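To be precise, the following lines are model_8.tsv, and they hold TSV, C-alpha atoms.
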chain	number	residue	atom	x	y	z
A	1	MET	CA	49.46	69.58	87.39
A	2	LEU	CA	50.87	73.03	88.20
A	3	LYS	CA	52.85	72.98	84.95
A	4	ASN	CA	49.66	72.30	82.97
A	5	ILE	CA	47.82	75.14	84.70
A	6	PHE	CA	50.73	77.50	84.04
A	7	PHE	CA	50.78	76.41	80.38
A	8	PHE	CA	47.08	77.17	79.85
A	9	ILE	CA	47.41	80.54	81.60
A	10	CYS	CA	50.25	81.47	79.26
A	11	VAL	CA	48.32	80.33	76.19
A	12	PHE	CA	45.29	82.36	77.26
A	13	PHE	CA	47.39	85.43	78.05
A	14	PHE	CA	49.35	85.44	74.82
A	15	THR	CA	46.31	84.59	72.69
A	16	ASP	CA	44.44	87.53	74.19
A	17	LEU	CA	47.46	89.78	73.76
A	18	PHE	CA	47.76	88.78	70.12
A	19	ALA	CA	44.06	89.51	69.52
A	20	GLN	CA	44.58	93.01	70.85
A	21	ASP	CA	47.43	93.57	68.40
A	22	LYS	CA	44.83	94.06	65.68
A	23	LEU	CA	42.01	96.53	65.24
A	24	ARG	CA	38.79	94.55	65.01
A	25	ILE	CA	36.54	96.37	62.54
A	26	ALA	CA	32.90	95.40	62.08
A	27	SER	CA	31.33	95.87	58.66
A	28	THR	CA	28.50	94.74	56.48
A	29	PRO	CA	29.51	94.15	52.83
A	30	ASN	CA	28.96	97.85	52.07
A	31	PRO	CA	31.37	99.87	49.89
A	32	ASN	CA	33.18	101.25	52.95
A	33	ILE	CA	34.97	97.93	53.25
A	34	PHE	CA	36.42	98.03	49.73
A	35	PRO	CA	39.52	100.11	50.61
A	36	LEU	CA	40.21	97.84	53.58
A	37	LEU	CA	40.05	94.75	51.35
A	38	VAL	CA	42.51	96.37	48.94
A	39	ALA	CA	44.78	97.50	51.79
A	40	LEU	CA	44.90	93.98	53.25
A	41	SER	CA	45.68	92.54	49.84
A	42	ASP	CA	48.55	95.00	49.42
A	43	ASP	CA	49.83	94.36	52.95
A	44	PRO	CA	48.62	91.12	54.62
A	45	THR	CA	50.52	92.11	57.80
A	46	LEU	CA	48.28	95.12	58.34
A	47	PRO	CA	47.13	94.98	62.00
A	48	VAL	CA	43.42	94.82	61.31
A	49	GLU	CA	40.74	92.12	61.39
A	50	ILE	CA	37.42	92.28	59.56
A	51	VAL	CA	34.44	91.22	61.67
A	52	PRO	CA	31.60	90.55	59.19
A	53	VAL	CA	28.02	91.37	60.19
A	54	ALA	CA	24.75	91.20	58.26
A	55	ARG	CA	22.79	94.06	59.83
A	56	SER	CA	22.99	97.01	62.19
A	57	THR	CA	21.60	95.16	65.24
A	58	GLU	CA	24.49	92.70	65.03
A	59	VAL	CA	26.91	95.61	65.21
A	60	ASP	CA	25.35	96.76	68.49
A	61	LEU	CA	25.73	93.27	69.95
A	62	LYS	CA	29.39	93.00	68.90
A	63	PHE	CA	30.19	96.28	70.63
A	64	SER	CA	28.25	95.40	73.77
A	65	LYS	CA	30.25	92.16	74.07
A	66	GLY	CA	33.56	93.93	73.51
A	67	GLN	CA	34.23	91.97	70.32
A	68	VAL	CA	35.03	94.91	68.03
A	69	ASP	CA	37.01	98.16	68.18
A	70	GLY	CA	35.48	100.03	65.27
A	71	LEU	CA	32.92	100.18	62.51
A	72	LEU	CA	32.94	100.77	58.75
A	73	ALA	CA	29.56	102.22	57.78
A	74	MET	CA	27.79	105.28	56.44
A	75	THR	CA	28.72	108.39	58.42
A	76	TYR	CA	25.09	108.88	59.43
A	77	THR	CA	24.77	105.24	60.54
A	78	ILE	CA	27.76	105.73	62.82
A	79	ALA	CA	26.35	109.01	64.14
A	80	GLU	CA	22.96	107.43	64.84
A	81	LYS	CA	24.61	104.78	67.00
A	82	VAL	CA	26.15	107.53	69.08
A	83	THR	CA	23.11	109.83	69.32
A	84	SER	CA	20.82	106.90	70.18
A	85	GLY	CA	23.16	105.68	72.90
A	86	LYS	CA	23.66	102.27	71.27
A	87	VAL	CA	27.44	102.76	70.98
A	88	PRO	CA	28.08	106.15	72.63
A	89	ASP	CA	31.88	105.93	72.57
A	90	LEU	CA	32.25	105.74	68.76
A	91	ARG	CA	34.27	108.48	67.11
A	92	LEU	CA	34.45	109.30	63.41
A	93	VAL	CA	38.10	109.15	62.33
A	94	TYR	CA	37.73	109.09	58.53
A	95	VAL	CA	35.19	110.39	56.03
A	96	ALA	CA	35.01	109.39	52.37
A	97	LEU	CA	33.28	111.61	49.83
A	98	TRP	CA	31.26	109.38	47.51
A	99	LYS	CA	29.24	109.80	44.34
A	100	SER	CA	26.57	107.63	42.73
A	101	PHE	CA	23.98	106.88	45.38
A	102	ASP	CA	20.97	106.71	43.08
A	103	GLU	CA	17.32	105.88	42.70
A	104	ILE	CA	17.13	103.23	39.96
A	105	THR	CA	13.81	103.20	38.06
A	106	TYR	CA	12.30	101.81	34.87
A	107	LYS	CA	13.20	103.89	31.81
A	108	GLN	CA	9.64	103.82	30.49
A	109	ASP	CA	8.35	105.58	33.64
A	110	HIS	CA	10.46	108.72	32.98
A	111	ILE	CA	11.15	109.31	36.68
A	112	ARG	CA	13.27	112.43	37.21
A	113	SER	CA	12.55	113.58	40.78
A	114	PHE	CA	11.31	112.21	44.08
A	115	SER	CA	7.96	113.92	43.48
A	116	ASP	CA	7.51	111.55	40.50
A	117	LEU	CA	7.63	108.67	42.99
A	118	ARG	CA	4.61	109.83	44.99
A	119	GLY	CA	2.17	106.95	45.43
A	120	LYS	CA	4.63	104.44	43.91
A	121	GLY	CA	5.89	101.16	45.29
A	122	LEU	CA	9.58	101.39	46.18
A	123	ILE	CA	12.33	99.18	47.54
A	124	VAL	CA	14.92	100.24	50.09
A	125	ALA	CA	17.70	97.67	50.07
A	126	GLY	CA	20.77	96.82	52.10
A	127	PRO	CA	23.48	94.40	50.97
A	128	THR	CA	22.42	91.54	53.26
A	129	SER	CA	19.28	92.90	54.94
A	130	GLY	CA	16.48	95.31	54.11
A	131	GLY	CA	18.35	98.24	55.56
A	132	GLU	CA	15.41	99.35	57.71
A	133	ASN	CA	16.56	101.85	60.38
A	134	GLY	CA	20.09	101.59	58.95
A	135	GLY	CA	22.06	103.72	56.52
A	136	PRO	CA	19.91	103.07	53.40
A	137	ASP	CA	16.76	103.96	55.34
A	138	LEU	CA	18.22	107.09	56.96
A	139	ILE	CA	19.38	108.63	53.68
A	140	PHE	CA	16.20	107.61	51.85
A	141	GLN	CA	13.94	109.26	54.42
A	142	ALA	CA	16.14	112.36	54.50
A	143	ALA	CA	15.89	112.58	50.69
A	144	LEU	CA	12.10	112.30	50.93
A	145	LYS	CA	12.04	115.13	53.45
A	146	ARG	CA	14.25	117.29	51.22
A	147	SER	CA	11.70	116.68	48.47
A	148	GLY	CA	8.77	117.76	50.65
A	149	MET	CA	7.54	114.21	51.20
A	150	THR	CA	7.23	111.65	53.99
A	151	MET	CA	7.04	107.87	54.13
A	152	SER	CA	3.24	108.14	53.92
A	153	ASP	CA	3.62	109.42	50.34
A	154	VAL	CA	5.22	106.19	49.08
A	155	HIS	CA	4.83	102.45	49.59
A	156	VAL	CA	8.12	100.98	50.78
A	157	CYS	CA	9.35	97.44	51.21
A	158	TYR	CA	12.74	96.70	52.78
A	159	LEU	CA	14.62	93.86	51.08
A	160	PRO	CA	18.16	92.50	50.73
A	161	VAL	CA	19.54	93.58	47.37
A	162	MET	CA	19.56	90.04	45.91
A	163	GLU	CA	15.87	89.57	46.77
A	164	ALA	CA	15.05	93.01	45.41
A	165	GLY	CA	16.68	92.17	42.09
A	166	LYS	CA	14.36	89.20	41.59
A	167	LEU	CA	11.25	91.36	42.01
A	168	LEU	CA	12.53	94.06	39.69
A	169	LYS	CA	13.46	91.60	36.95
A	170	THR	CA	9.98	90.09	36.86
A	171	HIS	CA	8.11	93.29	37.69
A	172	ALA	CA	6.14	91.23	40.21
A	173	PRO	CA	3.95	92.83	42.92
A	174	LEU	CA	5.87	93.70	46.05
A	175	ASN	CA	3.72	91.44	48.21
A	176	SER	CA	4.81	88.43	46.15
A	177	ASN	CA	7.84	88.51	48.46
A	178	SER	CA	6.82	87.49	51.99
A	179	GLN	CA	9.09	90.16	53.52
A	180	CYS	CA	6.87	92.89	52.06
A	181	ASP	CA	3.55	93.92	53.57
A	182	ALA	CA	0.56	92.09	52.11
A	183	SER	CA	-1.09	95.42	51.24
A	184	LEU	CA	1.67	96.25	48.72
A	185	THR	CA	-0.11	94.92	45.65
A	186	MET	CA	1.81	97.13	43.20
A	187	PRO	CA	5.18	96.32	41.65
A	188	ALA	CA	8.20	98.37	42.64
A	189	SER	CA	8.80	101.44	40.51
A	190	GLY	CA	12.29	101.99	41.87
A	191	ILE	CA	15.03	101.07	44.30
A	192	SER	CA	17.65	103.17	46.08
A	193	LEU	CA	21.15	101.76	45.63
A	194	VAL	CA	24.75	102.81	46.09
A	195	GLU	CA	27.63	101.74	43.88
A	196	PRO	CA	28.50	99.15	42.73
A	197	ALA	CA	25.03	97.67	43.32
A	198	ALA	CA	23.50	100.36	41.09
A	199	THR	CA	25.82	99.45	38.22
A	200	GLY	CA	25.09	95.75	38.76
A	201	LEU	CA	21.33	96.19	38.54
A	202	VAL	CA	21.51	98.44	35.48
A	203	MET	CA	23.83	95.93	33.76
A	204	GLN	CA	21.47	93.05	34.54
A	205	MET	CA	18.51	94.95	33.12
A	206	MET	CA	20.22	96.06	29.91
A	207	ILE	CA	18.70	93.01	28.23
A	208	PRO	CA	14.99	93.89	28.57
A	209	ILE	CA	12.65	91.53	30.33
A	210	PRO	CA	9.51	90.41	28.43
A	211	TRP	CA	7.74	93.73	28.98
A	212	GLY	CA	10.69	95.64	27.54
A	213	GLN	CA	11.43	97.40	30.83
A	214	SER	CA	15.08	98.20	31.34
A	215	MET	CA	16.30	100.38	34.22
A	216	GLU	CA	18.36	103.53	34.64
A	217	ARG	CA	19.83	105.84	37.25
A	218	SER	CA	17.07	108.43	37.33
A	219	ILE	CA	17.69	110.41	40.55
A	220	SER	CA	21.04	111.17	42.13
A	221	PHE	CA	20.83	111.47	45.91
A	222	GLU	CA	23.82	113.82	45.74
A	223	SER	CA	21.82	116.28	43.64
A	224	ILE	CA	19.08	116.40	46.28
A	225	PHE	CA	21.30	117.49	49.18
A	226	THR	CA	22.29	120.97	48.02
A	227	GLY	CA	23.63	123.88	50.06
A	228	PHE	CA	27.02	122.47	51.04
A	229	SER	CA	30.18	124.20	49.82
A	230	ALA	CA	32.84	121.85	51.21
A	231	TRP	CA	32.54	119.33	48.36
A	232	PRO	CA	31.39	119.19	44.72
A	233	GLN	CA	27.67	118.88	43.96
A	234	ASP	CA	28.04	115.28	42.76
A	235	GLN	CA	29.57	114.08	46.05
A	236	LEU	CA	28.43	113.58	49.64
A	237	PRO	CA	30.20	112.42	52.84
A	238	HIS	CA	28.57	108.99	52.89
A	239	GLY	CA	31.53	106.82	53.86
A	240	GLY	CA	32.90	106.55	57.37
A	241	LEU	CA	35.39	104.68	59.52
A	242	SER	CA	34.92	104.96	63.28
A	243	LEU	CA	36.82	103.70	66.30
A	244	LEU	CA	36.00	103.55	69.99
A	245	GLY	CA	37.27	106.39	72.11
A	246	VAL	CA	39.00	103.94	74.46
A	247	VAL	CA	41.06	102.77	71.49
A	248	LEU	CA	41.92	106.26	70.26
A	249	ASP	CA	42.79	107.44	73.78
A	250	ASN	CA	45.19	104.54	74.34
A	251	PRO	CA	48.71	105.74	73.42
A	252	GLU	CA	49.89	102.15	73.04
A	253	LYS	CA	47.46	101.71	70.13
A	254	SER	CA	48.21	104.98	68.32
A	255	GLN	CA	50.86	103.49	66.03
A	256	MET	CA	48.52	100.68	65.04
A	257	VAL	CA	45.64	103.11	64.40
A	258	ASN	CA	47.81	105.40	62.28
A	259	ARG	CA	49.14	102.50	60.24
A	260	VAL	CA	45.68	101.18	59.45
A	261	LEU	CA	44.28	104.63	58.65
A	262	THR	CA	47.19	105.45	56.34
A	263	ALA	CA	46.79	102.16	54.47
A	264	TYR	CA	43.03	102.66	54.19
A	265	LYS	CA	43.41	106.15	52.72
A	266	LEU	CA	46.04	105.00	50.21
A	267	ALA	CA	43.78	102.15	49.11
A	268	ALA	CA	40.82	104.53	48.76
A	269	LYS	CA	42.90	106.75	46.50
A	270	LYS	CA	44.07	103.72	44.54
A	271	ILE	CA	40.48	102.60	43.85
A	272	SER	CA	39.36	106.08	42.81
A	273	SER	CA	42.19	106.60	40.32
A	274	ALA	CA	42.19	103.13	38.73
A	275	LYS	CA	41.42	102.66	35.06
A	276	GLY	CA	41.48	99.79	32.56
A	277	PHE	CA	43.42	96.70	33.64
A	278	SER	CA	44.27	98.32	36.98
A	279	ALA	CA	40.55	98.70	37.68
A	280	PHE	CA	40.05	95.02	36.83
A	281	LEU	CA	42.78	93.89	39.24
A	282	ILE	CA	41.35	95.99	42.06
A	283	ALA	CA	37.82	94.77	41.28
A	284	ARG	CA	39.03	91.19	41.48
A	285	THR	CA	40.58	91.87	44.88
A	286	ILE	CA	37.33	93.41	46.13
A	287	SER	CA	35.18	90.60	44.72
A	288	GLU	CA	37.38	87.90	46.24
A	289	GLY	CA	37.53	89.76	49.57
A	290	ILE	CA	33.74	90.01	49.77
A	291	LYS	CA	33.42	86.29	48.97
A	292	LYS	CA	35.99	85.36	51.60
A	293	ASN	CA	34.53	87.46	54.40
A	294	PHE	CA	30.81	87.33	53.63
A	295	GLN	CA	30.27	83.94	52.00
A	296	ALA	CA	27.69	83.05	54.67
A	297	TYR	CA	25.30	85.72	53.32
A	298	ASN	CA	25.04	84.46	49.71
A	299	LEU	CA	25.95	87.87	48.33
A	300	GLU	CA	27.33	88.09	44.81
A	301	LEU	CA	29.63	90.90	43.73
A	302	PRO	CA	30.89	90.01	40.24
A	303	VAL	CA	34.28	91.31	39.16
A	304	SER	CA	32.75	92.73	35.97
A	305	VAL	CA	30.32	94.92	37.92
A	306	VAL	CA	33.00	96.38	40.19
A	307	THR	CA	35.33	96.91	37.23
A	308	VAL	CA	32.74	98.94	35.32
A	309	ALA	CA	31.86	101.02	38.41
A	310	ILE	CA	35.53	101.84	39.03
A	311	ASP	CA	36.47	102.40	35.39
A	312	GLN	CA	33.56	104.80	34.81
A	313	GLY	CA	34.45	106.81	37.90
A	314	ASP	CA	31.20	105.96	39.68
A	315	LEU	CA	32.89	104.17	42.58
A	316	LEU	CA	34.68	107.17	44.02
A	317	PHE	CA	36.42	107.31	47.40
A	318	ARG	CA	37.85	110.77	47.99
A	319	ALA	CA	40.24	110.39	50.88
A	320	ASP	CA	40.82	114.09	51.56
A	321	ALA	CA	37.84	114.91	53.79
A	322	THR	CA	39.58	116.92	56.49
A	323	THR	CA	38.72	118.92	59.57
A	324	ASP	CA	38.22	121.90	57.24
A	325	MET	CA	35.05	120.20	56.05
A	326	GLU	CA	33.79	119.38	59.54
A	327	ILE	CA	31.13	122.13	59.71
A	328	ASP	CA	29.43	120.96	56.51
A	329	ILE	CA	29.92	117.29	57.39
A	330	ASN	CA	28.20	117.94	60.72
A	331	ARG	CA	25.36	119.84	59.01
A	332	PHE	CA	24.81	116.96	56.60
A	333	ILE	CA	24.93	114.23	59.25
A	334	THR	CA	22.65	116.20	61.57
A	335	GLU	CA	20.09	116.61	58.80
A	336	VAL	CA	20.09	112.90	57.94
A	337	VAL	CA	20.07	111.62	61.53
A	338	GLY	CA	17.75	114.29	62.93
A	339	SER	CA	20.01	115.36	65.79
A	340	ALA	CA	23.58	116.54	66.10
A	341	PRO	CA	26.23	114.16	67.39
A	342	PRO	CA	28.29	115.37	70.36
A	343	LYS	CA	31.33	117.50	69.61
A	344	GLY	CA	33.69	114.71	70.69
A	345	PHE	CA	32.26	112.51	67.93
A	346	TYR	CA	34.61	114.04	65.36
A	347	ALA	CA	38.19	112.77	65.54
A	348	LEU	CA	39.15	113.15	61.90
A	349	HIS	CA	42.75	112.20	61.12
Would you mind giving the structure from this file in structure tokens?
Amino acid sequence: MLKNIFFFICVFFFTDLFAQDKLRIASTPNPNIFPLLVALSDDPTLPVEIVPVARSTEVDLKFSKGQVDGLLAMTYTIAEKVTSGKVPDLRLVYVALWKSFDEITYKQDHIRSFSDLRGKGLIVAGPTSGGENGGPDLIFQAALKRSGMTMSDVHVCYLPVMEAGKLLKTHAPLNSNSQCDASLTMPASGISLVEPAATGLVMQMMIPIPWGQSMERSISFESIFTGFSAWPQDQLPHGGLSLLGVVLDNPEKSQMVNRVLTAYKLAAKKISSAKGFSAFLIARTISEGIKKNFQAYNLELPVSVVTVAIDQGDLLFRADATTDMEIDINRFITEVVGSAPPKGFYALH
């Protein structure tokens, strides 16, 4: 009997020890996870575990239960979790400069600025949820404010990207989807999307639907947020990797943290510089990784879509956001979130 008890204690101890030998990183299927998927494909022994989640509220629960050590998300999503007190110990360790977060609209509407969207029906979409109160919503509302508008000037429905695509293809009224308010009797005029979802929707709509309405990238979010000198006009510090302070402050975990961060940065650079067949191979890795980790959410990310986004340079991960950029990064995040994160929030490596 004592031998059996000792055996189970040992199994529990070593199982728990093994679990702590990996960084457990929560992520929705947003583009921040792409470099991690590539890094794991290049080195399956990398000490990191992906913890898939569908929406921001699930992230909060995972942290409260001690089931994750970090989060891949938009920089402003991460900051909001700290400023709101949901996950106060999160620290931003990596920032990726992205391009191609766009408002996708019908070509025939000739939309060129947010002011052209006044009074229109719009969709804000997340990969597996509507994105309300998450990253897509934060940046959308900040872009409205930059344009001298508020949410009262538009009619918004929050939808998962796959559901949004169905409405846009048929040009059906927003309220034909039960997740939209019944008062939204107009069809959507546009949707805010990041790469490669933007490329995917434009590709799908290249063959016009019966009304001859194809879609285009009409407004770049990057062009709206001017006044920052730390990065080019067509880029913004959207992407972020964060870890808990208790992890970063643990010297026994420093080697593991540095190894994962180094691999992530190398993979980000690899994605950004890929062309031709190399872009295809990386796209296949990303597509298969999304399917493996997020199959429960019925999300499709075709290889062809990712390949085009990479090959055209629209799926950009600049891995050189350093502490030299911290002042502008903080200004940008503070504007989007509405309040400044604490100084200890920044732990850029």
>> Here is a test: counting all atoms listed in the file, which residue of A:Asp181, A:Val260, A:Tyr94, A:Pro251 is nearest to A:Val48?
In response: A:Val260
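Using only C-alpha atoms for every distance, the candidate list A:Lys253, A:Arg24, A:His238, A:Lys166 yields A:His238 as the residue closest to A:Leu316.
Proximity of A:Val257, A:Met162, A:Ile123, A:Val246 to A:Leu301, computed with all atoms listed in the file, is greatest for A:Met162.
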> Hey, what's within 12 Å of A:Ser220 if we count all atoms listed in the file and toss same-chain stuff fewer than 4 positions away? As an NGL selection string, please?
Replying inline: :A and (98-105 or 111-114 or 139-140 or 143 or 191-195 or 198 or 216 or 224-226 or 233-236 or 314)
>> Which residue is closest to A:Arg55? Choose from A:Gly131, A:Gly227, A:Pro187, A:Pro342 and count all atoms listed in the file.
In response: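 Of A:Gly131, A:Gly227, A:Pro187, A:Pro342, the one nearest A:Arg55 is A:Gly131, counting all atoms listed in the file.
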> Which residue out of A:Lys269, A:Gln108, A:Ser129, A:Val303 has the minimum interatomic distance to A:Arg284 when only C-alpha atoms are used?
Replying inline: A:Val303
Would you kindly return, as a PDB file with C-alpha atoms, in the coordinates of the input, each protein, DNA or RNA residue with an atom no farther than 12 Å from any atom of A:Thr322, considering all atoms listed in the file and excluding same-chain residues fewer than 6 positions away?
ATOM      1  CA  LEU A  92      34.450 109.300  63.410  1.00  0.00           C
ATOM      2  CA  VAL A  93      38.100 109.150  62.330  1.00  0.00           C
ATOM      3  CA  TYR A  94      37.730 109.090  58.530  1.00  0.00           C
ATOM      4  CA  VAL A  95      35.190 110.390  56.030  1.00  0.00           C
ATOM      5  CA  ALA A  96      35.010 109.390  52.370  1.00  0.00           C
ATOM      6  CA  LEU A  97      33.280 111.610  49.830  1.00  0.00           C
ATOM      7  CA  ALA A 230      32.840 121.850  51.210  1.00  0.00           C
ATOM      8  CA  TRP A 231      32.540 119.330  48.360  1.00  0.00           C
ATOM      9  CA  PRO A 237      30.200 112.420  52.840  1.00  0.00           C
ATOM     10  CA  ASP A 328      29.430 120.960  56.510  1.00  0.00           C
ATOM     11  CA  ILE A 329      29.920 117.290  57.390  1.00  0.00           C
ATOM     12  CA  TYR A 346      34.610 114.040  65.360  1.00  0.00           C
ATOM     13  CA  ALA A 347      38.190 112.770  65.540  1.00  0.00           C
ATOM     14  CA  LEU A 348      39.150 113.150  61.900  1.00  0.00           C
ATOM     15  CA  HIS A 349      42.750 112.200  61.120  1.00  0.00           C
TER      16      HIS A 349
END
>> Can you measure atom CA of A:Ser287 to atom CA of A:Pro302 for me? One decimal in Å is fine.
In response: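 Going from atom CA of A:Ser287 over to atom CA of A:Pro302, I get 6.2 Å.
What separates atom CA of A:Ser304 from atom CA of A:Pro31 is a distance of 15.7 Å.
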